[in-house]
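First up is the structure itself, then whatever we jot down about it.
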Amino acid sequence: MSVSRNGFAALLAALVLLAAPAARATDPCDAPAELLGPIEPLRHVARAVAHRQALRVLVVGSASSTLGGTSGPQTAYPQQLESDLRGKLPDVAIVVQTRGGRGLSATDLAKLLEAALPEFHPDLVIWQTGTVDAVNGIDPDEFGLVLRAGAEKTAAAGADLLLMDQQFSRVARATLNYTPYRQAMEAVANAGDAMLLRRYDLMKHWAESGQIDPERAPRREWQKTADVLHACLARAIATMVMKGMREAGR
Amino acid sequence: MRSLIRENRDTRVDFFRGYALFCIFISHIPDHGFWIFTIQTFIFLAGYAAAIAYGRQYERNGWAYAAASLGLRAWNLYVVHIFMFVAFIAQVSWSAARFDNPAYLDETRVAEFLNEPYVAVLDALALRLQPAFMDILPLYIVVLLWFALLIPLLRYPWALLGVSGGVYLFVRITGFNLPTSSGTWFFNPLAWQSLFIIGAVVSHLGAEGRDRWLAGRWYLTAGAVATAMVGLLISAVWRVPGVFEAVPSPWAERIYFGIDKSGLHPARLLHFLAVAYLVSWLIPRDSRFALSWPAQPFTLCGQHGLMVFAMGVFLSFVGRLVMQELDASWWTQTALALAGWSVITAFAAANAWYDGAGRRPAAVPAVSERTIKVRQNAPAALAKPRPADSNAA
C-alpha cells in the first residue's frame with residue numbers, strides 16, 4: 001500500500017516537474033502575431049525619431065488607461081510603455097502623457113484630444129475608447145463619426161494614431177454589446193490608416209489560455225494581475241510601434 | 001414535424017422568418033461564431049405577417065377590434081421585455097461582485113443603475129432603459145402600435161406608404177430619434193417602421209397584385225441584380241481593407257461612415273428590397289423548398305413568430321450566462337446553438353399542436369370559411385386559425 005502511495009506521489013511529482021517548466025517558461029504576454037496587426041506605417045513617429053531623436057506619445061482614454069486597477073500609476077500601461085520604448089530606443093527622448101478619466105465617452109475624449117494636440121504636439125496618439133459608449137448605448141454610427149473626426153484632427157496635427165478597443169471580460173461580454181463599436185473602430189482604423197490594438201482579442205486570448213485572467217484572479221491578486229496585464233499591453237504597443245516605424249522606413 | 005407545419009400559406013415566408021429568428025437568437029450571444037444578422041428580414045416579414053393576420057381582422061371586425069388585437073400583442077411583447085429586464089437585473093447584480101475589480105471601472109457602470117433602482121425600473125417601464133441585447137423588443141412594440149393606428153390605410157396602399165415614408169423622410173432629414181436614459185434607441189423605430197409598412201403593403205397586394213406590379217419587368221430584375229451587386233461591393237468595402245483602398249477616396253469614406261444602421265439608411269432599405277425581390281424570384285411560390293427536412297425547423301418556427309422570438313431572446317440570455325460562467329469554446333457555442341434551436345423548435349411544435357386544439361393541424365378541417373377567404377385574398381396567410389392565437393406568447 002505504502003509503496004503504491006509512494007509510487008503515486010512520485011508519479012505526481014514527475015508530472016508536476018514535467019508540467020511546471022512548460023507552464024512557467026511561457027511568457028504571459030505571448031500572443032499569436034496576427035493579434036498585433038495589421039501594421040500600418042507610422043510616418044510621423046519614424047520622422048520624429050530619425051530627425052529629432054524625440055518621441056512624444058499622448059494617451060487619451062477612460063478608466064483602463066488612467067486608473068487600470070494596477071498597483072500604481074507606474075505600472076499602468078502608459079508608464080510601462082514609456083520605459084519599454086526607452087529600452088528599445090535608448091538614444092531617443094521619450095515622453096508619454098496620459099489624459100482622460102473614468103466614464104469619459106469617445107465624444108468627451110475627442111475634446112480632450114483636440115485640446116491636447118496643439119499643446120503637447122504628440123507624434124503618436126493612443127486613443128483607448130469604446131467601453132463607456134457601449135455602456136451608455138451611444139449610437140455606434142455616431143461613435144464612428146466622432147472617432148473619424150478625431151482621427152482626421154490627429155493626422156492634421158502631424159501625429160500617427162493607434163486606436164485601442166475594449167477590454168475583454170466575460171461579464172462584459174454577457175451584458176454589453178461591443179460588436180458594433182468594435183466594427184466602428186476597425187472601420188476608422190482601415191479608413192484613416194490608423195493602427196488598431198485589438199485589446200479585446202488579445203485579452204480574450206490571454207484569459208482563455210490562462211496566461212492573464214484578471215476576472216478570475218482571486219481578490220488578493222487583482223493588483224498583481226493588472227500589473228502583468230498592463231505590462232503585456234505596453235509590450236504589445238511597443239512591438240506595434242517599432243514595426244510601424246520600420247514599415248514607414250521602407 | 002412536417003405534419004405540424006401549416007401549408008395553406010406561403011411557406012417561403014415562414015422559412016425566412018424562422019431563419020431571421022434563428023439569426024436573432026444567435027446574434028444575441030456575443031462572440032458567437034456563426035450568424036448572418038438580418039434584422040431587416042425580421043421587421044419586413046413581421047409587417048408581412050401582420051398585414052395578413054390583422055388586415056383580415058380589420059376587414060371582418062373593424063378597426064377597434066384589429067387595434068385591440070395589435071395592442072394585446074404589443075402588450076405581450078412589453079411583458080416579455082419587462083421579464084428580460086428582470087433577468088438582466090438578476091444577472092448584473094449577481095455578477096457585480098466580480099466587477100468590483102478596479103481593472104473594470106468603466107465596465108462597472110453597466111451596474112450603476114442598481115444605485116438608484118427605482119429610476120431604473122421606471123426607465124425600463126417607459127422603454128427608456130435598453131441595455132445591450134434588449135433593443136429589438138422596444139422597436140417591435142412601437143412598430144406594432146404604429147400599425148394599429150395605420151391599419152385602415154391598408155386599403156389605400158399609396159396613402160399608407162405616403163404616411164410611413166413621410167415619417168421616414170422626416171427622420172432622415174432631421175436625424176430625430178427617441179431618447180433612452182443615456183443615449184438614443186439603437187433601432188430608431190420611426191425609421192424602421194417604414195420597412196414594416198412596406199412588408200405589410202407587399203403582403204396585402206396578394207400574389208396577383210404583386211404579379212401585376214412586379215412580374216415580367218426586366219428592368220426591375222436588372223435593377224435588383226445591380227443593387228444586390230452594389231450591396232455586395234459595399235459590404236466588401238466594410239469588411240475587406242484591400243477593397244476599401246481600391247475605391248477612390250471620397251467614395252470609400254462615404255460608404256464607410258455614411259450608411260447608418262440606427263436610422264435605416266436608404267441604401268440598406270433598397271438593398272434589402274432588392275435581395276427580397278430576387279429571392280422571391282429565385283424560389284418560386286410553388287417550390288417545396290421550405291418543406292424539405294433541413295428547412296422544416298425554420299419553417300415551423302416561422303409560423304410561431306412571437307413565441308419563438310421571446311424564447312430566442314430568453315435562451316440567448318441563458319447562452320450568454322453559460323459563456324460567462326462556464327465555457328465559450330467553439331464546441332460550447334455549437335452546442336448552445338443546436339440545443340437552443342432544438343428547444344425553440346420543440347416549443348413551436350407544442351404551440352402548433354395547441355393551436356390545432358390538441359390535434360395535428362393537418363387533421364383540422366382546412367375548409368373553414370376563414371381559410372377559404374385566406375386562400376382567395378392572401379395565399380401567403382401567416383394567420384392562425386383561431387383569433388385567440390393573437391396572444392399566444
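Ordered as shown in the C-alpha cells, chains take letters A, B, and onward, while each chain numbers its residues from 1 and ligands are numbered from 1 in the order shown.
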Selection near segment 194-209 of chain A, 10 Å with only C-alpha atoms, sequence-local residues under 4 positions removed, as a PyMOL selection string: (chain A and resi 28-32+34-42+125-128+151+155+160-170+178+182+185-190+213-216+229+232-233+236-237+240-241+244) or (chain B and resi 327-329)
Distance cut-off 9 Å, counting only C-alpha atoms - which residues of chain A neighbour chain B? Return them as a PDB file with N, CA and C atoms, in the first residue's frame.
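New file selection.pdb:
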ATOM      1  N   SER A  62     -10.202  56.168 -21.130  1.00  0.00           N
ATOM      2  CA  SER A  62     -11.080  56.163 -19.956  1.00  0.00           C
ATOM      3  C   SER A  62     -10.373  55.435 -18.809  1.00  0.00           C
ATOM      4  N   ALA A  63     -11.123  54.799 -17.942  1.00  0.00           N
ATOM      5  CA  ALA A  63     -10.557  54.294 -16.687  1.00  0.00           C
ATOM      6  C   ALA A  63      -9.403  53.323 -16.890  1.00  0.00           C
ATOM      7  N   SER A  64      -9.487  52.461 -17.904  1.00  0.00           N
ATOM      8  CA  SER A  64      -8.449  51.443 -18.018  1.00  0.00           C
ATOM      9  C   SER A  64      -7.113  52.044 -18.441  1.00  0.00           C
ATOM     10  N   LEU A  67      -6.631  54.667 -14.653  1.00  0.00           N
ATOM     11  CA  LEU A  67      -6.607  54.033 -13.324  1.00  0.00           C
ATOM     12  C   LEU A  67      -6.136  52.583 -13.447  1.00  0.00           C
ATOM     13  N   GLY A  68      -6.933  51.778 -14.132  1.00  0.00           N
ATOM     14  CA  GLY A  68      -6.459  50.463 -14.547  1.00  0.00           C
ATOM     15  C   GLY A  68      -6.409  49.385 -13.494  1.00  0.00           C
ATOM     16  N   GLY A  69      -6.558  49.739 -12.216  1.00  0.00           N
ATOM     17  CA  GLY A  69      -6.533  48.718 -11.179  1.00  0.00           C
ATOM     18  C   GLY A  69      -5.157  48.161 -10.897  1.00  0.00           C
ATOM     19  N   THR A  70      -4.124  48.849 -11.377  1.00  0.00           N
ATOM     20  CA  THR A  70      -2.756  48.384 -11.124  1.00  0.00           C
ATOM     21  C   THR A  70      -2.308  48.840  -9.740  1.00  0.00           C
ATOM     22  N   ARG A 102     -12.236  58.209 -15.825  1.00  0.00           N
ATOM     23  CA  ARG A 102     -13.311  57.231 -15.761  1.00  0.00           C
ATOM     24  C   ARG A 102     -14.601  57.797 -16.339  1.00  0.00           C
ATOM     25  N   GLY A 103     -15.292  56.975 -17.101  1.00  0.00           N
ATOM     26  CA  GLY A 103     -16.623  57.345 -17.576  1.00  0.00           C
ATOM     27  C   GLY A 103     -16.636  58.318 -18.736  1.00  0.00           C
ATOM     28  N   LEU A 104     -15.480  58.564 -19.354  1.00  0.00           N
ATOM     29  CA  LEU A 104     -15.460  59.511 -20.474  1.00  0.00           C
ATOM     30  C   LEU A 104     -15.745  58.768 -21.788  1.00  0.00           C
ATOM     31  N   THR A 131     -15.612  51.544 -24.510  1.00  0.00           N
ATOM     32  CA  THR A 131     -16.319  50.870 -23.406  1.00  0.00           C
ATOM     33  C   THR A 131     -17.466  51.728 -22.883  1.00  0.00           C
ATOM     34  N   VAL A 132     -17.135  52.989 -22.567  1.00  0.00           N
ATOM     35  CA  VAL A 132     -18.147  53.873 -21.987  1.00  0.00           C
ATOM     36  C   VAL A 132     -19.299  54.058 -22.971  1.00  0.00           C
ATOM     37  N   ALA A 134     -20.350  51.939 -25.193  1.00  0.00           N
ATOM     38  CA  ALA A 134     -21.178  50.729 -25.195  1.00  0.00           C
ATOM     39  C   ALA A 134     -22.030  50.668 -23.930  1.00  0.00           C
ATOM     40  N   VAL A 135     -21.457  51.064 -22.793  1.00  0.00           N
ATOM     41  CA  VAL A 135     -22.212  51.045 -21.536  1.00  0.00           C
ATOM     42  C   VAL A 135     -23.404  51.991 -21.635  1.00  0.00           C
ATOM     43  N   ASN A 136     -23.175  53.176 -22.212  1.00  0.00           N
ATOM     44  CA  ASN A 136     -24.244  54.172 -22.298  1.00  0.00           C
ATOM     45  C   ASN A 136     -25.165  53.955 -23.488  1.00  0.00           C
ATOM     46  N   GLY A 137     -24.836  53.009 -24.354  1.00  0.00           N
ATOM     47  CA  GLY A 137     -25.680  52.771 -25.511  1.00  0.00           C
ATOM     48  C   GLY A 137     -25.677  53.933 -26.495  1.00  0.00           C
ATOM     49  N   ILE A 138     -24.513  54.565 -26.662  1.00  0.00           N
ATOM     50  CA  ILE A 138     -24.383  55.637 -27.664  1.00  0.00           C
ATOM     51  C   ILE A 138     -24.528  55.000 -29.055  1.00  0.00           C
ATOM     52  N   ASP A 139     -25.163  55.721 -29.961  1.00  0.00           N
ATOM     53  CA  ASP A 139     -25.343  55.209 -31.320  1.00  0.00           C
ATOM     54  C   ASP A 139     -23.974  54.868 -31.934  1.00  0.00           C
ATOM     55  N   PRO A 140     -23.753  53.612 -32.332  1.00  0.00           N
ATOM     56  CA  PRO A 140     -22.440  53.225 -32.869  1.00  0.00           C
ATOM     57  C   PRO A 140     -22.054  54.015 -34.123  1.00  0.00           C
ATOM     58  N   ASP A 141     -23.056  54.450 -34.892  1.00  0.00           N
ATOM     59  CA  ASP A 141     -22.743  55.261 -36.071  1.00  0.00           C
ATOM     60  C   ASP A 141     -22.136  56.598 -35.645  1.00  0.00           C
ATOM     61  N   GLU A 142     -22.754  57.193 -34.622  1.00  0.00           N
ATOM     62  CA  GLU A 142     -22.234  58.452 -34.071  1.00  0.00           C
ATOM     63  C   GLU A 142     -20.815  58.249 -33.547  1.00  0.00           C
ATOM     64  N   GLY A 144     -18.623  56.120 -34.462  1.00  0.00           N
ATOM     65  CA  GLY A 144     -17.689  56.023 -35.584  1.00  0.00           C
ATOM     66  C   GLY A 144     -17.342  57.394 -36.144  1.00  0.00           C
ATOM     67  N   LEU A 145     -18.363  58.265 -36.251  1.00  0.00           N
ATOM     68  CA  LEU A 145     -18.120  59.600 -36.818  1.00  0.00           C
ATOM     69  C   LEU A 145     -17.210  60.423 -35.901  1.00  0.00           C
ATOM     70  N   ARG A 148     -13.740  59.185 -36.272  1.00  0.00           N
ATOM     71  CA  ARG A 148     -13.168  59.574 -37.556  1.00  0.00           C
ATOM     72  C   ARG A 148     -12.727  61.031 -37.544  1.00  0.00           C
ATOM     73  N   GLN A 167     -11.606  46.285 -23.249  1.00  0.00           N
ATOM     74  CA  GLN A 167     -11.043  45.150 -22.531  1.00  0.00           C
ATOM     75  C   GLN A 167     -11.982  43.966 -22.711  1.00  0.00           C
ATOM     76  N   SER A 169     -13.860  40.951 -21.006  1.00  0.00           N
ATOM     77  CA  SER A 169     -14.245  40.293 -19.757  1.00  0.00           C
ATOM     78  C   SER A 169     -15.516  39.512 -20.045  1.00  0.00           C
ATOM     79  N   ARG A 170     -15.675  38.409 -19.359  1.00  0.00           N
ATOM     80  CA  ARG A 170     -16.820  37.546 -19.659  1.00  0.00           C
ATOM     81  C   ARG A 170     -18.125  38.212 -19.250  1.00  0.00           C
ATOM     82  N   VAL A 171     -18.064  38.933 -18.113  1.00  0.00           N
ATOM     83  CA  VAL A 171     -19.282  39.603 -17.673  1.00  0.00           C
ATOM     84  C   VAL A 171     -19.665  40.697 -18.671  1.00  0.00           C
ATOM     85  N   ALA A 172     -18.670  41.439 -19.136  1.00  0.00           N
ATOM     86  CA  ALA A 172     -18.965  42.494 -20.104  1.00  0.00           C
ATOM     87  C   ALA A 172     -19.519  41.889 -21.391  1.00  0.00           C
ATOM     88  N   ARG A 173     -18.977  40.740 -21.769  1.00  0.00           N
ATOM     89  CA  ARG A 173     -19.465  40.104 -22.994  1.00  0.00           C
ATOM     90  C   ARG A 173     -20.932  39.730 -22.858  1.00  0.00           C
ATOM     91  N   ALA A 174     -21.324  39.350 -21.637  1.00  0.00           N
ATOM     92  CA  ALA A 174     -22.699  38.925 -21.440  1.00  0.00           C
ATOM     93  C   ALA A 174     -23.652  40.092 -21.235  1.00  0.00           C
ATOM     94  N   THR A 175     -23.127  41.280 -20.906  1.00  0.00           N
ATOM     95  CA  THR A 175     -24.029  42.384 -20.583  1.00  0.00           C
ATOM     96  C   THR A 175     -23.889  43.576 -21.528  1.00  0.00           C
ATOM     97  N   LEU A 176     -22.829  43.611 -22.318  1.00  0.00           N
ATOM     98  CA  LEU A 176     -22.606  44.768 -23.192  1.00  0.00           C
ATOM     99  C   LEU A 176     -22.441  44.274 -24.629  1.00  0.00           C
ATOM    100  N   ASN A 177     -22.975  45.032 -25.547  1.00  0.00           N
ATOM    101  CA  ASN A 177     -22.844  44.643 -26.947  1.00  0.00           C
ATOM    102  C   ASN A 177     -21.704  45.438 -27.582  1.00  0.00           C
ATOM    103  N   TYR A 178     -20.508  44.890 -27.532  1.00  0.00           N
ATOM    104  CA  TYR A 178     -19.336  45.599 -28.055  1.00  0.00           C
ATOM    105  C   TYR A 178     -19.249  45.538 -29.576  1.00  0.00           C
ATOM    106  N   THR A 179     -19.838  44.519 -30.176  1.00  0.00           N
ATOM    107  CA  THR A 179     -19.585  44.244 -31.596  1.00  0.00           C
ATOM    108  C   THR A 179     -19.704  45.476 -32.498  1.00  0.00           C
ATOM    109  N   GLN A 183     -16.565  47.105 -34.543  1.00  0.00           N
ATOM    110  CA  GLN A 183     -16.573  47.239 -36.006  1.00  0.00           C
ATOM    111  C   GLN A 183     -16.296  48.678 -36.420  1.00  0.00           C
ATOM    112  N   ALA A 184     -16.886  49.632 -35.672  1.00  0.00           N
ATOM    113  CA  ALA A 184     -16.660  51.044 -35.997  1.00  0.00           C
ATOM    114  C   ALA A 184     -15.180  51.385 -35.865  1.00  0.00           C
ATOM    115  N   ALA A 187     -13.292  50.037 -38.703  1.00  0.00           N
ATOM    116  CA  ALA A 187     -13.541  50.836 -39.900  1.00  0.00           C
ATOM    117  C   ALA A 187     -12.700  52.108 -39.884  1.00  0.00           C
ATOM    118  N   VAL A 188     -12.665  52.791 -38.738  1.00  0.00           N
ATOM    119  CA  VAL A 188     -11.892  54.028 -38.642  1.00  0.00           C
ATOM    120  C   VAL A 188     -10.409  53.735 -38.871  1.00  0.00           C
ATOM    121  N   ASN A 190      -9.104  51.244 -40.596  1.00  0.00           N
ATOM    122  CA  ASN A 190      -8.909  50.954 -42.016  1.00  0.00           C
ATOM    123  C   ASN A 190      -8.951  52.212 -42.864  1.00  0.00           C
ATOM    124  N   ALA A 191      -9.901  53.090 -42.546  1.00  0.00           N
ATOM    125  CA  ALA A 191     -10.114  54.263 -43.395  1.00  0.00           C
ATOM    126  C   ALA A 191      -8.992  55.272 -43.227  1.00  0.00           C
ATOM    127  N   GLU A 208      -8.323  33.080 -22.073  1.00  0.00           N
ATOM    128  CA  GLU A 208      -8.705  31.707 -22.418  1.00  0.00           C
ATOM    129  C   GLU A 208      -7.532  30.745 -22.314  1.00  0.00           C
ATOM    130  N   PRO A 214      -7.627  38.531 -15.252  1.00  0.00           N
ATOM    131  CA  PRO A 214      -7.947  39.356 -14.082  1.00  0.00           C
ATOM    132  C   PRO A 214      -9.312  39.020 -13.502  1.00  0.00           C
ATOM    133  N   GLU A 215     -10.228  38.617 -14.381  1.00  0.00           N
ATOM    134  CA  GLU A 215     -11.599  38.403 -13.953  1.00  0.00           C
ATOM    135  C   GLU A 215     -11.707  37.209 -13.003  1.00  0.00           C
ATOM    136  N   ARG A 216     -10.868  36.210 -13.212  1.00  0.00           N
ATOM    137  CA  ARG A 216     -10.984  35.018 -12.378  1.00  0.00           C
ATOM    138  C   ARG A 216      -9.869  34.940 -11.338  1.00  0.00           C
ATOM    139  N   ARG A 219      -9.164  37.863  -5.272  1.00  0.00           N
ATOM    140  CA  ARG A 219      -9.118  39.289  -4.932  1.00  0.00           C
ATOM    141  C   ARG A 219      -7.714  39.770  -4.561  1.00  0.00           C
ATOM    142  N   TRP A 222      -5.581  40.734  -7.540  1.00  0.00           N
ATOM    143  CA  TRP A 222      -6.114  41.644  -8.548  1.00  0.00           C
ATOM    144  C   TRP A 222      -5.058  42.618  -9.053  1.00  0.00           C
ATOM    145  N   GLN A 223      -4.385  43.292  -8.086  1.00  0.00           N
ATOM    146  CA  GLN A 223      -3.405  44.309  -8.496  1.00  0.00           C
ATOM    147  C   GLN A 223      -2.259  43.684  -9.275  1.00  0.00           C
ATOM    148  N   ALA A 226      -3.333  42.836 -12.704  1.00  0.00           N
ATOM    149  CA  ALA A 226      -3.475  44.044 -13.523  1.00  0.00           C
ATOM    150  C   ALA A 226      -2.107  44.571 -13.942  1.00  0.00           C
TER     151      ALA A 226
END
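Computed from the coordinates, the atom CA of Asp14 of chain B to atom CA of Leu300 of chain B distance equals 7.2 Å.
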Neighbouring residues of Ser65 of chain A were defined as those with any atom within 9 Å, considering only C-alpha atoms; residues of the same chain fewer than 4 positions away were excluded. Please report them as a ChimeraX atom specification. /A:59-61,76-78,98-102,128
Expected answer as a VMD selection string: helix (DSSP H, G or I) residues in segment 77-158 of chain A: chain A and resid 77 to 88 106 to 120 131 to 136 140 to 156
When you draw a straight line from atom CA of Met311 of chain B to atom CA of Asn188 of chain B, how long is it in Å?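 The value is 23.6 Å.
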I need the residues in segment 1-228 of chain A that are strand (DSSP E) according to DSSP; give them as a list in words. Ala54, Leu55, Arg56, Val57, Leu58, Val59, Val60, Gly61, Ala93, Ile94, Val95, Val96, Gln97, Thr98, Arg99, Gly100, Leu124, Val125, Ile126, Trp127, Gln128, Asp160, Leu161, Leu162, Leu163, Met164, Met195, Leu196 and Leu197 of chain A
Within 9 Å of Cys301 of chain B using only C-alpha atoms, minus same-chain residues under 2 positions, as a PDB file with C-alpha atoms, in the first residue's frame:
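After the write, selection20.pdb holds the following:
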ATOM      1  CA  ASP B  14     -42.330  31.163 -42.810  1.00  0.00           C
ATOM      2  CA  PHE B  15     -38.940  29.745 -43.652  1.00  0.00           C
ATOM      3  CA  ARG B  17     -38.994  34.401 -40.840  1.00  0.00           C
ATOM      4  CA  GLY B  18     -37.797  31.354 -38.949  1.00  0.00           C
ATOM      5  CA  TYR B  19     -34.308  31.852 -40.272  1.00  0.00           C
ATOM      6  CA  LEU B  21     -35.457  34.494 -35.765  1.00  0.00           C
ATOM      7  CA  PHE B  22     -32.650  31.966 -35.612  1.00  0.00           C
ATOM      8  CA  GLN B 296     -38.534  22.343 -41.559  1.00  0.00           C
ATOM      9  CA  PRO B 297     -37.303  23.587 -38.159  1.00  0.00           C
ATOM     10  CA  PHE B 298     -37.095  27.123 -39.566  1.00  0.00           C
ATOM     11  CA  THR B 299     -40.439  26.961 -41.356  1.00  0.00           C
ATOM     12  CA  GLN B 303     -45.161  30.080 -38.117  1.00  0.00           C
ATOM     13  CA  HIS B 304     -44.979  30.923 -34.409  1.00  0.00           C
ATOM     14  CA  GLY B 305     -43.071  34.171 -34.610  1.00  0.00           C
ATOM     15  CA  MET B 307     -43.293  32.834 -29.129  1.00  0.00           C
ATOM     16  CA  VAL B 308     -40.112  31.881 -30.956  1.00  0.00           C
ATOM     17  CA  ILE B 344     -37.282  26.607 -29.568  1.00  0.00           C
ATOM     18  CA  THR B 345     -38.424  24.185 -32.272  1.00  0.00           C
ATOM     19  CA  PHE B 347     -41.871  24.855 -28.229  1.00  0.00           C
ATOM     20  CA  ALA B 348     -43.027  25.845 -31.702  1.00  0.00           C
ATOM     21  CA  ALA B 349     -44.213  22.268 -32.273  1.00  0.00           C
TER      22      ALA B 349
END
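Take atom CA of Leu122 of chain B and atom CA of Asn177 of chain B: the distance between them is 20.1 Å.
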At a cut-off of 7 Å, using only C-alpha atoms, what residues contact Pro122 of chain A? Leave out same-chain residues fewer than 6 positions from it and give the result as a PyMOL selection string. chain A and resi 56-58+159
Selected residues written out, N, CA and C atoms, as a CSV table (one decimal), in the first residue's frame:
chain,number,residue,atom,x,y,z
A,56,ARG,N,7.1,61.9,-28.8
A,56,ARG,CA,6.1,62.3,-27.8
A,56,ARG,C,4.8,61.5,-28.0
A,57,VAL,N,4.4,60.8,-27.0
A,57,VAL,CA,3.2,60.0,-27.1
A,57,VAL,C,2.1,60.5,-26.2
A,58,LEU,N,0.9,60.7,-26.8
A,58,LEU,CA,-0.2,61.1,-26.0
A,58,LEU,C,-1.2,60.0,-25.9
A,159,ALA,N,0.4,63.8,-36.3
A,159,ALA,CA,0.7,62.7,-35.4
A,159,ALA,C,0.0,61.4,-36.0
Judged by only C-alpha atoms, the minimum distance to Ala126 of chain B among B:Pro152, B:Pro179, B:Gly166, B:Pro157 is found for B:Pro179
